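Asker: Sending over my_file-v1.pdb (PDB, C-alpha atoms, pLDDT in the B column).
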MODEL        1
ATOM      1  CA  LEU U   1       0.000   0.000   0.000  1.00 70.00           C
ATOM      2  CA  SER U   2       1.547   3.299  -1.108  1.00 79.00           C
ATOM      3  CA  LEU U   3       0.826   6.781   0.217  1.00 77.00           C
ATOM      4  CA  ASP U   4      -0.910   7.653  -3.062  1.00 79.00           C
ATOM      5  CA  GLN U   5      -3.485   4.943  -2.386  1.00 80.00           C
ATOM      6  CA  ILE U   6      -4.444   6.385   1.003  1.00 80.00           C
ATOM      7  CA  HIS U   7      -7.405   8.705   0.624  1.00 79.00           C
ATOM      8  CA  SER U   8      -7.573  10.135   4.137  1.00 80.00           C
ATOM      9  CA  VAL U   9      -6.263   9.547   7.652  1.00 81.00           C
ATOM     10  CA  GLU U  10      -8.529   9.990  10.672  1.00 79.00           C
ATOM     11  CA  LEU U  11      -6.908  10.760  14.023  1.00 79.00           C
ATOM     12  CA  VAL U  12      -8.782   9.424  17.066  1.00 80.00           C
ATOM     13  CA  GLY U  13      -8.196   8.952  20.784  1.00 78.00           C
ATOM     14  CA  SER U  14      -7.830  11.555  23.529  1.00 74.00           C
ATOM     15  CA  GLY U  15      -4.056  11.474  23.095  1.00 75.00           C
ATOM     16  CA  SER U  16      -4.477  12.795  19.557  1.00 74.00           C
ATOM     17  CA  ARG U  17      -4.935  16.286  21.019  1.00 74.00           C
ATOM     18  CA  ILE U  18      -1.225  16.330  21.878  1.00 77.00           C
ATOM     19  CA  PRO U  19       0.531  18.261  19.077  1.00 77.00           C
ATOM     20  CA  ALA U  20       3.495  15.862  19.046  1.00 77.00           C
ATOM     21  CA  ILE U  21       1.147  12.930  18.460  1.00 76.00           C
ATOM     22  CA  SER U  22      -0.583  14.519  15.468  1.00 76.00           C
ATOM     23  CA  LYS U  23       2.568  16.033  13.955  1.00 81.00           C
ATOM     24  CA  LYS U  24       4.384  12.753  13.305  1.00 80.00           C
ATOM     25  CA  PRO U  25       1.595  10.922  11.395  1.00 79.00           C
ATOM     26  CA  SER U  26       0.844  14.116   9.470  1.00 82.00           C
ATOM     27  CA  SER U  27       4.468  14.256   8.375  1.00 83.00           C
ATOM     28  CA  LEU U  28       4.478  10.556   7.492  1.00 81.00           C
ATOM     29  CA  PHE U  29       1.326  10.665   5.352  1.00 81.00           C
ATOM     30  CA  LYS U  30       2.189  14.115   3.938  1.00 81.00           C
ATOM     31  CA  ARG U  31      -1.304  15.470   4.489  1.00 79.00           C
ATOM     32  CA  GLU U  32      -3.522  17.110   7.070  1.00 79.00           C
ATOM     33  CA  LEU U  33      -5.061  14.530   9.380  1.00 78.00           C
ATOM     34  CA  GLY U  34      -8.841  14.272   9.550  1.00 77.00           C
ATOM     35  CA  ARG U  35     -10.788  15.116  12.704  1.00 72.00           C
ATOM     36  CA  THR U  36     -14.323  14.473  11.527  1.00 73.00           C
ATOM     37  CA  VAL U  37     -15.358  12.268  14.460  1.00 72.00           C
ATOM     38  CA  ASN U  38     -15.385  12.733  18.213  1.00 75.00           C
ATOM     39  CA  ALA U  39     -11.858  11.753  19.233  1.00 74.00           C
ATOM     40  CA  SER U  40     -12.843  10.700  22.754  1.00 76.00           C
ATOM     41  CA  GLU U  41     -15.960   8.678  21.998  1.00 79.00           C
ATOM     42  CA  CYS U  42     -15.641   7.198  18.504  1.00 78.00           C
ATOM     43  CA  VAL U  43     -13.888   4.004  19.674  1.00 80.00           C
ATOM     44  CA  ALA U  44     -16.440   3.440  22.442  1.00 82.00           C
ATOM     45  CA  ARG U  45     -19.268   4.033  19.982  1.00 80.00           C
ATOM     46  CA  GLY U  46     -17.713   1.556  17.586  1.00 80.00           C
ATOM     47  CA  CYS U  47     -17.510  -1.018  20.382  1.00 83.00           C
ATOM     48  CA  ALA U  48     -21.154  -0.381  21.255  1.00 82.00           C
ATOM     49  CA  LEU U  49     -22.097  -0.863  17.603  1.00 81.00           C
ATOM     50  CA  GLN U  50     -20.151  -4.123  17.435  1.00 82.00           C
ATOM     51  CA  CYS U  51     -21.869  -5.358  20.603  1.00 84.00           C
ATOM     52  CA  ALA U  52     -25.247  -4.530  19.090  1.00 80.00           C
ATOM     53  CA  MET U  53     -24.314  -6.435  15.934  1.00 79.00           C
ATOM     54  CA  LEU U  54     -23.378  -9.512  17.970  1.00 82.00           C
ATOM     55  CA  SER U  55     -26.409  -9.287  20.250  1.00 78.00           C
ATOM     56  CA  PRO U  56     -29.473 -11.434  19.463  1.00 75.00           C
ATOM     57  CA  ILE U  57     -31.694  -8.656  20.819  1.00 72.00           C
ATOM     58  CA  PHE U  58     -30.735  -5.708  18.611  1.00 70.00           C
ATOM     59  CA  ARG U  59     -30.910  -5.348  14.842  1.00 71.00           C
ATOM     60  CA  VAL U  60     -28.357  -3.201  13.044  1.00 70.00           C
ATOM     61  CA  ARG U  61     -28.800  -1.892   9.522  1.00 68.00           C
ATOM     62  CA  ASP U  62     -26.332  -3.065   6.906  1.00 68.00           C
ATOM     63  CA  TYR U  63     -23.637  -0.555   6.065  1.00 62.00           C
ATOM     64  CA  GLU U  64     -20.455  -0.411   4.010  1.00 63.00           C
ATOM     65  CA  GLN U  65     -17.034   0.323   5.419  1.00 58.00           C
ATOM     66  CA  ALA U  66     -14.269   1.880   3.371  1.00 58.00           C
ATOM     67  CA  ALA U  67     -10.653   0.815   3.720  1.00 54.00           C
ATOM     68  CA  ARG U  68      -8.889   2.014   6.871  1.00 59.00           C
ATOM     69  CA  VAL U  69      -5.232   2.161   7.832  1.00 58.00           C
ATOM     70  CA  LYS U  70      -4.369   1.402  11.443  1.00 65.00           C
ATOM     71  CA  VAL U  71      -1.285   3.244  12.682  1.00 62.00           C
ATOM     72  CA  ARG U  72       0.432   2.224  15.920  1.00 69.00           C
ATOM     73  CA  VAL U  73       2.173   5.181  17.598  1.00 63.00           C
ATOM     74  CA  GLN U  74       4.289   5.235  20.759  1.00 70.00           C
ATOM     75  CA  LEU U  75       5.420   8.135  22.931  1.00 66.00           C
ATOM     76  CA  ASN U  76       8.503   7.394  25.054  1.00 66.00           C
ATOM     77  CA  LEU U  77       9.603   8.995  28.328  1.00 65.00           C
ATOM     78  CA  HIS U  78      11.602  11.637  26.448  1.00 68.00           C
ATOM     79  CA  GLY U  79       8.573  12.818  24.488  1.00 64.00           C
ATOM     80  CA  ILE U  80       9.761  11.242  21.232  1.00 71.00           C
ATOM     81  CA  VAL U  81       6.991   9.937  18.980  1.00 65.00           C
ATOM     82  CA  THR U  82       7.665   6.828  16.916  1.00 70.00           C
ATOM     83  CA  ILE U  83       5.416   4.925  14.518  1.00 66.00           C
ATOM     84  CA  ASP U  84       5.661   1.183  15.111  1.00 68.00           C
ATOM     85  CA  SER U  85       3.500   0.010  12.250  1.00 69.00           C
ATOM     86  CA  ALA U  86       0.829   0.920   9.719  1.00 63.00           C
ATOM     87  CA  SER U  87      -1.500  -1.732   8.345  1.00 66.00           C
ATOM     88  CA  LEU U  88      -4.517  -1.884   6.078  1.00 60.00           C
ATOM     89  CA  ILE U  89      -7.509  -3.050   8.089  1.00 57.00           C
ATOM     90  CA  GLU U  90      -9.841  -3.738   5.200  1.00 54.00           C
ATOM     91  CA  ASP U  91      -9.651  -3.328   1.453  1.00 48.00           C
ATOM     92  CA  ARG U  92     -13.095  -3.589  -0.090  1.00 48.00           C
ATOM     93  CA  LYS U  93     -12.205  -2.196  -3.537  1.00 46.00           C
ATOM     94  CA  GLU U  94     -11.198  -5.617  -4.828  1.00 47.00           C
ATOM     95  CA  ASN U  95     -14.814  -6.798  -4.615  1.00 47.00           C
ATOM     96  CA  MET U  96     -16.519  -3.536  -5.535  1.00 48.00           C
ATOM     97  CA  THR U  97     -18.976  -3.382  -8.408  1.00 51.00           C
ATOM     98  CA  SER U  98     -18.867  -0.609 -11.004  1.00 50.00           C
ATOM     99  CA  GLU U  99     -21.725   1.164  -9.230  1.00 51.00           C
ATOM    100  CA  GLU U 100     -19.811   1.015  -5.954  1.00 49.00           C
ATOM    101  CA  MET U 101     -16.692   2.355  -7.655  1.00 49.00           C
ATOM    102  CA  ILE U 102     -18.676   5.334  -8.950  1.00 48.00           C
ATOM    103  CA  SER U 103     -20.057   5.915  -5.472  1.00 51.00           C
ATOM    104  CA  GLU U 104     -16.544   5.732  -4.026  1.00 51.00           C
ATOM    105  CA  ASN U 105     -15.253   8.259  -6.551  1.00 52.00           C
ATOM    106  CA  ASN U 106     -18.103  10.603  -5.715  1.00 54.00           C
ATOM    107  CA  HIS U 107     -17.203  10.225  -2.061  1.00 50.00           C
ATOM    108  CA  GLN U 108     -13.599  11.168  -2.782  1.00 50.00           C
ATOM    109  CA  SER U 109     -14.638  14.212  -4.776  1.00 50.00           C
ATOM    110  CA  SER U 110     -16.607  15.454  -1.777  1.00 47.00           C
ATOM    111  CA  ALA U 111     -13.664  15.055   0.610  1.00 47.00           C
ATOM    112  CA  ALA U 112     -12.896  18.763   0.422  1.00 46.00           C
ATOM    113  CA  LYS U 113     -16.344  19.518   1.803  1.00 50.00           C
ATOM    114  CA  VAL U 114     -15.691  17.187   4.720  1.00 45.00           C
ATOM    115  CA  ASP U 115     -12.386  18.907   5.444  1.00 48.00           C
ATOM    116  CA  THR U 116     -14.116  22.268   5.749  1.00 49.00           C
ATOM    117  CA  SER U 117     -16.270  20.872   8.541  1.00 51.00           C
ATOM    118  CA  SER U 118     -13.279  19.554  10.516  1.00 54.00           C
ATOM    119  CA  SER U 119     -12.859  22.805  12.426  1.00 63.00           C
ATOM    120  CA  THR U 120     -16.504  22.662  13.486  1.00 70.00           C
ATOM    121  CA  VAL U 121     -16.077  19.113  14.758  1.00 67.00           C
ATOM    122  CA  ILE U 122     -12.975  20.135  16.707  1.00 72.00           C
ATOM    123  CA  GLU U 123     -14.883  23.007  18.303  1.00 77.00           C
ATOM    124  CA  GLN U 124     -17.689  20.649  19.306  1.00 78.00           C
ATOM    125  CA  ASP U 125     -15.143  18.221  20.722  1.00 77.00           C
ATOM    126  CA  LEU U 126     -13.485  20.931  22.804  1.00 83.00           C
ATOM    127  CA  LYS U 127     -16.865  22.187  23.983  1.00 85.00           C
ATOM    128  CA  MET U 128     -17.797  18.690  25.130  1.00 85.00           C
ATOM    129  CA  GLU U 129     -14.538  18.315  27.050  1.00 85.00           C
ATOM    130  CA  SER U 130     -15.030  21.712  28.685  1.00 89.00           C
ATOM    131  CA  THR U 131     -18.558  20.741  29.746  1.00 90.00           C
ATOM    132  CA  LYS U 132     -17.249  17.524  31.299  1.00 87.00           C
ATOM    133  CA  ASP U 133     -14.632  19.510  33.209  1.00 89.00           C
ATOM    134  CA  LYS U 134     -17.286  21.850  34.622  1.00 91.00           C
ATOM    135  CA  LYS U 135     -19.446  18.901  35.649  1.00 90.00           C
ATOM    136  CA  ASN U 136     -16.504  17.202  37.377  1.00 88.00           C
ATOM    137  CA  ALA U 137     -15.585  20.458  39.114  1.00 91.00           C
ATOM    138  CA  LEU U 138     -19.114  20.798  40.480  1.00 92.00           C
ATOM    139  CA  GLU U 139     -19.180  17.199  41.677  1.00 89.00           C
ATOM    140  CA  SER U 140     -15.790  17.539  43.390  1.00 90.00           C
ATOM    141  CA  PHE U 141     -16.858  20.782  45.048  1.00 92.00           C
ATOM    142  CA  VAL U 142     -20.002  19.134  46.428  1.00 90.00           C
ATOM    143  CA  TYR U 143     -17.975  16.336  48.045  1.00 87.00           C
ATOM    144  CA  GLU U 144     -15.355  18.734  49.384  1.00 90.00           C
ATOM    145  CA  MET U 145     -17.865  21.152  50.912  1.00 91.00           C
ATOM    146  CA  ARG U 146     -19.927  18.381  52.476  1.00 88.00           C
ATOM    147  CA  ASP U 147     -16.833  17.147  54.290  1.00 88.00           C
ATOM    148  CA  LYS U 148     -15.891  20.665  55.409  1.00 89.00           C
ATOM    149  CA  MET U 149     -19.388  21.446  56.660  1.00 89.00           C
ATOM    150  CA  LEU U 150     -19.330  18.336  58.833  1.00 85.00           C
ATOM    151  CA  ASN U 151     -15.767  18.866  60.047  1.00 89.00           C
ATOM    152  CA  THR U 152     -13.734  22.000  59.249  1.00 90.00           C
ATOM    153  CA  TYR U 153     -16.622  24.495  59.326  1.00 90.00           C
ATOM    154  CA  ARG U 154     -18.720  22.671  61.902  1.00 87.00           C
ATOM    155  CA  ASN U 155     -18.104  25.210  64.670  1.00 89.00           C
ATOM    156  CA  THR U 156     -18.035  28.189  62.303  1.00 91.00           C
ATOM    157  CA  ALA U 157     -21.472  27.751  60.752  1.00 91.00           C
ATOM    158  CA  THR U 158     -24.710  27.854  62.667  1.00 90.00           C
ATOM    159  CA  GLU U 159     -26.902  24.783  62.805  1.00 90.00           C
ATOM    160  CA  SER U 160     -29.419  26.303  60.404  1.00 91.00           C
ATOM    161  CA  GLU U 161     -26.620  27.222  57.963  1.00 91.00           C
ATOM    162  CA  ARG U 162     -25.220  23.700  58.088  1.00 90.00           C
ATOM    163  CA  GLU U 163     -28.616  22.131  57.499  1.00 91.00           C
ATOM    164  CA  CYS U 164     -29.363  24.469  54.598  1.00 92.00           C
ATOM    165  CA  ILE U 165     -26.009  23.917  52.896  1.00 93.00           C
ATOM    166  CA  VAL U 166     -25.905  20.155  53.437  1.00 91.00           C
ATOM    167  CA  ARG U 167     -29.426  19.898  52.043  1.00 92.00           C
ATOM    168  CA  ASN U 168     -28.409  21.997  49.037  1.00 93.00           C
ATOM    169  CA  LEU U 169     -25.348  19.814  48.462  1.00 92.00           C
ATOM    170  CA  GLN U 170     -27.478  16.676  48.620  1.00 90.00           C
ATOM    171  CA  GLU U 171     -29.973  18.092  46.131  1.00 92.00           C
ATOM    172  CA  THR U 172     -27.149  19.107  43.803  1.00 92.00           C
ATOM    173  CA  GLU U 173     -25.624  15.630  43.962  1.00 88.00           C
ATOM    174  CA  GLU U 174     -28.976  14.032  43.133  1.00 88.00           C
ATOM    175  CA  TRP U 175     -29.429  16.499  40.273  1.00 91.00           C
ATOM    176  CA  LEU U 176     -26.007  15.573  38.865  1.00 87.00           C
ATOM    177  CA  TYR U 177     -26.960  11.907  38.622  1.00 82.00           C
ATOM    178  CA  GLU U 178     -30.481  12.505  37.341  1.00 84.00           C
ATOM    179  CA  ASP U 179     -31.689  15.566  35.413  1.00 86.00           C
ATOM    180  CA  GLY U 180     -28.235  17.162  35.386  1.00 86.00           C
ATOM    181  CA  ASP U 181     -26.398  14.152  34.004  1.00 83.00           C
ATOM    182  CA  ASP U 182     -26.263  15.662  30.507  1.00 84.00           C
ATOM    183  CA  GLU U 183     -26.658  19.403  30.977  1.00 89.00           C
ATOM    184  CA  SER U 184     -24.986  22.418  29.384  1.00 91.00           C
ATOM    185  CA  GLU U 185     -21.718  23.912  30.580  1.00 92.00           C
ATOM    186  CA  ASN U 186     -23.509  27.032  31.828  1.00 93.00           C
ATOM    187  CA  ALA U 187     -25.886  24.930  33.931  1.00 93.00           C
ATOM    188  CA  TYR U 188     -22.968  23.399  35.849  1.00 94.00           C
ATOM    189  CA  ILE U 189     -21.343  26.809  36.290  1.00 94.00           C
ATOM    190  CA  GLU U 190     -24.566  28.297  37.658  1.00 94.00           C
ATOM    191  CA  LYS U 191     -25.013  25.432  40.115  1.00 94.00           C
ATOM    192  CA  LEU U 192     -21.443  25.874  41.345  1.00 94.00           C
ATOM    193  CA  ASN U 193     -21.902  29.627  41.773  1.00 95.00           C
ATOM    194  CA  ASP U 194     -25.129  29.085  43.727  1.00 94.00           C
ATOM    195  CA  ILE U 195     -23.334  26.834  46.198  1.00 93.00           C
ATOM    196  CA  ARG U 196     -20.416  29.245  46.492  1.00 93.00           C
ATOM    197  CA  LYS U 197     -22.810  32.018  47.512  1.00 93.00           C
ATOM    198  CA  LEU U 198     -23.843  29.899  50.482  1.00 92.00           C
ATOM    199  CA  ILE U 199     -20.326  28.753  51.367  1.00 93.00           C
ATOM    200  CA  ASP U 200     -18.369  32.018  50.926  1.00 93.00           C
ATOM    201  CA  PRO U 201     -19.701  33.786  54.061  1.00 92.00           C
ATOM    202  CA  ILE U 202     -18.784  30.788  56.200  1.00 92.00           C
ATOM    203  CA  GLU U 203     -15.332  30.480  54.621  1.00 91.00           C
ATOM    204  CA  ASN U 204     -14.671  34.191  55.210  1.00 92.00           C
ATOM    205  CA  ARG U 205     -15.821  33.822  58.803  1.00 91.00           C
ATOM    206  CA  PHE U 206     -13.525  30.817  59.247  1.00 90.00           C
ATOM    207  CA  LYS U 207     -10.503  32.644  57.785  1.00 88.00           C
ATOM    208  CA  GLY U 208     -11.221  35.807  59.747  1.00 79.00           C
TER     209      GLY U 208
ENDMDL
END
The structure in this file should be written as structure tokens.

Answerer:
Amino acid sequence: LSLDQIHSVELVGSGSRIPAISKKPSSLFKRELGRTVNASECVARGCALQCAMLSPIFRVRDYEQAARVKVRVQLNLHGIVTIDSASLIEDRKENMTSEEMISENNHQSSAAKVDTSSSTVIEQDLKMESTKDKKNALESFVYEMRDKMLNTYRNTATESERECIVRNLQETEEWLYEDGDDESENAYIEKLNDIRKLIDPIENRFKG
């Protein structure tokens, strides 16, 4: 398989966000790497699809898969990226009919349009990661403040303040695992700010 026969290269995996990881394959294949799928979730989604295909319960529609090249990359302790191997996973062109060949050519001619949407996909990917970070920050803050209210701030806050805050923390935790499991980034930020408004006076009192 020569480089001229490779139509596109898709970079996946959370590690692909590291510039050193993406730079080496890009140099090897002499082209810009594709980022048209969610780098963090595409493998998991593929596994879920494969499980559904093997399950006797679910039915999966037939679909065609184009040839893919699997590249094995390693990053050593010195930050040096090396490519161990590159292999063709599947080559379906050998058994393609003339109609399929025409369809494949049409797909290749539209590759430029796909490339223009790569930046949008990257933005969505970054937005998703940022939302996850805000959700994790809120969850961590809930656990931290609950511990402090029962220990560190126990003698600083009044009984009514403790009850109010602990109840609010409990409600926030339940919200995170129910209605707030898949909320927007702003929703997590607002929840965190609401809790801070209750905690800040007690923290200032404790420090003072």

Asker: On this structure, the PyMOL selection byres ((chain U and resi 40) around 12) would catch which residues? List them as a list in words, sorted by chain and number.

Answerer: Leu11, Val12, Gly13, Ser14, Gly15, Ser16, Arg17, Arg35, Thr36, Val37, Asn38, Ala39, Glu41, Cys42, Val43, Ala44, Arg45, Gly46, Ile122, Gln124, Asp125, Leu126, Met128, Glu129 and Lys132 of chain U

Asker: Please, could you write that set of residues out with C-alpha atoms as a short mmCIF file (atom, residue, chain, number, x, y, z; two decimals), in the coordinates of the input?

Answerer:
data_model
loop_
_atom_site.label_atom_id
_atom_site.label_comp_id
_atom_site.auth_asym_id
_atom_site.auth_seq_id
_atom_site.Cartn_x
_atom_site.Cartn_y
_atom_site.Cartn_z
CA LEU U 11 -6.91 10.76 14.02
CA VAL U 12 -8.78 9.42 17.07
CA GLY U 13 -8.20 8.95 20.78
CA SER U 14 -7.83 11.56 23.53
CA GLY U 15 -4.06 11.47 23.10
CA SER U 16 -4.48 12.80 19.56
CA ARG U 17 -4.93 16.29 21.02
CA ARG U 35 -10.79 15.12 12.70
CA THR U 36 -14.32 14.47 11.53
CA VAL U 37 -15.36 12.27 14.46
CA ASN U 38 -15.38 12.73 18.21
CA ALA U 39 -11.86 11.75 19.23
CA GLU U 41 -15.96 8.68 22.00
CA CYS U 42 -15.64 7.20 18.50
CA VAL U 43 -13.89 4.00 19.67
CA ALA U 44 -16.44 3.44 22.44
CA ARG U 45 -19.27 4.03 19.98
CA GLY U 46 -17.71 1.56 17.59
CA ILE U 122 -12.98 20.14 16.71
CA GLN U 124 -17.69 20.65 19.31
CA ASP U 125 -15.14 18.22 20.72
CA LEU U 126 -13.48 20.93 22.80
CA MET U 128 -17.80 18.69 25.13
CA GLU U 129 -14.54 18.32 27.05
CA LYS U 132 -17.25 17.52 31.30
#

Asker: So how many Å separate atom CA of U:Asn193 and atom CA of U:Glu123, to one decimal?

Answerer: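 Between atom CA of U:Asn193 and atom CA of U:Glu123 the gap works out to 25.4 Å.
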
Asker: Enclose the full set of atoms of stretch 122-134 of chain U listed in the file within a box whose edges lie along x, y and z, apply 6 Å of padding to each of the six sides, and report centre and edge lengths in Å to one decimal as lines of an AutoDock Vina configuration file.

Answerer:
center_x = -15.8
center_y = 20.3
center_z = 25.7
size_x = 17.6
size_y = 17.5
size_z = 29.9

Asker: List the spatial neighbours of U:Asn155 as a PyMOL selection string - criterion: any atom at most 12 Å away, only C-alpha atoms, same-chain residues fewer than 4 positions off excluded.

Answerer: chain U and resi 148-151+159+161-162+202-203+205-206

Asker: Just the residues within 12 Å of stretch 180-183 of chain U, please, counting only C-alpha atoms, with nothing from its chain fewer than 3 positions along; format it as a ChimeraX atom specification.

Answerer: /U:128,131-132,134-136,138-139,171-177,186-191

Asker: Restricting the calculation to only C-alpha atoms: of U:Leu49, U:Gly34, U:Lys127, U:Lys23, which residue gets closest to U:Ser184?

Answerer: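 Smallest distance to U:Ser184 is found for U:Lys127.
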